[in-house]
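One structure is given below, encoded as structure tokens.
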Amino acid sequence: MRDLYPGMNLPLLFTSFLFFTALVPLIAWWRTRRIDNSDARTFFLADRRLPWFQIAGTLLLTNLSTEQLIGLNGAASIHGAVVMAWEILPVFALIAMAAYFLPRYWAGNITTIPEFLETRFDRTTRRLLGIIVLAAITFNFMPFVLYSGGIAMSSIFRVPELLGISPAASFLVMAWAVAVIGTVYVIWGGMSAVALSDTLYGIGLIAGALLIPILGLIHLGDGDLAAGISRVATHQQPKLNPIGPATSNIPFSTLFTGLMLTNIYYWCTNQLIVQRTFAASSFAEAQKGVLAAAALKLLGPFYLVLPGIIAVEMFGASIGNGDLAYARLVDAVLPTWMIGFFAAVLLGTIISSFNSGLHTASTLFGYDLYRAWIRQDATDVQVLRVGKRFAVVVCLAALGASSLLGGAPEGVFTLMKRLMAAFNIPILAVVIMGIVTTRVPAFAAKIALVGGVGLHFLLGWLADQGVFGRPIHWLHLIAINFVVLCGFMLIAGRVSPAPPRNHERAEAAKSRAALVTWPHLRLVGWILTLGAIAMYGFLWRFSQSG
């Protein structure tokens with residue numbers, strides 16, 4: 001076995017991994033052991049008692065997993081710092097969430113986004129959205145978590161060589177391990193255990209992930225951090241430019257069209273994220289947690305983009321598939337005991353994102369399909385039991401879908417975002433129309449939800465056929481999709497307006513006014529905005545210097 005891990009202290013490697021892997025679940029169990037998860041409100045929303053820092057932690061870890069660490073660093077190794085937009089634009093989206101979307105959700109005292117749409121349109125719209133979101137989570141989120149997680153854990157522990165199996169079989173072994181652990185976590189732990197473990201893993205992940213680029217730069221500089229920085233800055237200067245031309249993976253213009261819309265969907269209308277904010281102990285705590293998550297996103301480029309560029313400098317063309325860049329860098333620079341710790345943290349983030357998706361899927365099925373459609377008189381105990389059983393079905397479906405991924409020329413991260421847009425943009429258009437106007441009728445919302453998915457693929461096909469006369473980036477295409485759907489719903493509202501709901505609108509405004517807003521919301525929002533702009537400005541000036 002030692003031939004597989006030259007120069008490593010194997011007992012230390014596996015001891016540190018097992019210790020840190022067991023530590024967080026043990027703490028989560030100890031802290032939540034007296035919580036009665038037999039109540040649906042407690043299981044799905046932690047009985048709305050989480051403090052702001054746990055809201056921030058669970059938001060970060062729901063978003064951040066190996067599909068980010070592996071996928072975004074892989075994209076950075078190919079395309080450079082332009083991909084940092086995926087980490088910086090969330091800052092603006094989270095500010096919008098705290099200031100604009102969250103008050104409307106909390107005023108309605110809802111549990112799910114489909115429930116919010118029922119209050120605006122009708123019950124059928126709620127059911128339809130529930131089905132679409134469940135499909136997106138099952139086949140377009142969780143499979144990517146399992147795929148990227150399988151790559152990371154298989155590479156770090158060299159599972160193919162260790163077990164004498166193929167890389168594909170190794171991936172399946174690791175994916176099944178993640179799926180089983182994550183499912184157990186969800187079924188027995190509920191939101192309280194998920195949120196606490198997310199916070200603990202978040203602390204370890206940020207600490208460990210920020211250490212990777214530092215050790216990588218020291219390695220490049222033969223022990224001198226400054227020399228390593230100078231080497232990357234000299235040899236990889238073009239990759240440090242965050243402003244992408246029209247031919248790049250992310251043209252700068254897309255930051256104001258499809259890229260911004262995608263982030264607004266993810267952070268403001270995505271059940272996976274929004275459900276976490278509903279578990280806060282108060283509205284002000286929820287706002288603080290959302291803005292704290294925005295502050296943490298400003299650190300993202302340092303551990304989600306820079307390592308990919310360092311890997312290019314360290315390994316050159318030998319990286320091959322960009323999705324292998326991060327795992328190779330970790331393997332090259334971490335000491336043995338840190339590999340065990342970091343592998344444990346990585347496994348935790350994989351499980352965290354997976355069980356967040358699983359937990360959200362069980363919530364949506366229990367509330368928006370089972371109770372709202374199949375059995376309207378279902379008790380909380382019955383909703384909880386059915387939700388847990390459905391989680392197992394979703395787990396198996398995600399495992400099957402994950403085995404079909406891999407080999408995308410643009411990298412797994414970009415592939416995931418492109419597929420997600422087909423579901424996300426129609427949902428975003430309907431939610432925003434439901435917020436800004438009461439005139440849009442329910443039938444228009446239903447057509448937009450279903451037709452928007454088809455329109456996404458139609459626009460992509462037309463662009464590939466050259467119908468538009470010149471290439472149009474896929475992020476611009478989803479902005480076109482958004483504008484078309486909103487325009488259609490506004491026209492429908494003009495031609496066949498929904499019945500007036502002035503009384504309901506007045507009640508909603510009254511409920512929002514009763515919410516106690518965090519007093520530092522505006523100040524912190526401006527600080528975060530200036531920080532995001534300054535990061536872009538600094539990197540652009542640096543990449544343009546002689």
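Here, A, B, ... name the chains of the structure tokens in the order displayed, residue numbers run from 1 inside each chain, and ligands are numbered from 1 in the same displayed order.
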Skip His79 (chain A) itself and residues of its chain fewer than 4 positions away, then list as number ranges by chain all residues within 7 Å of it, counting only C-alpha atoms. A: 75, 239, 249
With N, CA and C atoms retained, export the selected residues as an mmCIF file, in the first residue's frame.
```
data_model
loop_
_atom_site.group_PDB
_atom_site.id
_atom_site.type_symbol
_atom_site.label_atom_id
_atom_site.label_comp_id
_atom_site.auth_asym_id
_atom_site.auth_seq_id
_atom_site.Cartn_x
_atom_site.Cartn_y
_atom_site.Cartn_z
ATOM 1 N N ALA A 75 -12.595 25.323 -14.292
ATOM 2 C CA ALA A 75 -12.908 26.358 -15.276
ATOM 3 C C ALA A 75 -11.870 27.469 -15.261
ATOM 4 N N LYS A 239 -4.352 35.294 -17.529
ATOM 5 C CA LYS A 239 -5.426 34.555 -16.854
ATOM 6 C C LYS A 239 -5.951 35.293 -15.624
ATOM 7 N N ASN A 249 -15.083 32.681 -22.122
ATOM 8 C CA ASN A 249 -16.081 31.826 -21.491
ATOM 9 C C ASN A 249 -17.196 32.651 -20.855
#
```
Per residue of region 368-471 of chain A within 10 Å of region 173-183 of chain A, which atom pair is closest and at what distance in Å (one decimal), using only C-alpha atoms, listed by chain and increasing number, as CSV?
```
residue,atom,partner,partner_atom,distance
A:Lys388,CA,A:Thr183,CA,9.0
A:Ala391,CA,A:Thr183,CA,7.2
A:Val392,CA,A:Thr183,CA,6.9
A:Val394,CA,A:Thr183,CA,9.7
A:Cys395,CA,A:Ala179,CA,6.5
A:Leu396,CA,A:Ala179,CA,8.3
A:Ala398,CA,A:Ala179,CA,8.8
A:Leu399,CA,A:Ala175,CA,7.2
A:Ser402,CA,A:Ala175,CA,8.4
A:Ser403,CA,A:Ala175,CA,9.1
```
Between A:Cys486, A:Leu272, A:Ala284, A:Leu211, single out the one closest to Leu358 (chain A), counting only C-alpha atoms.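 For Leu358 (chain A), the nearest of the candidates is A:Leu272.
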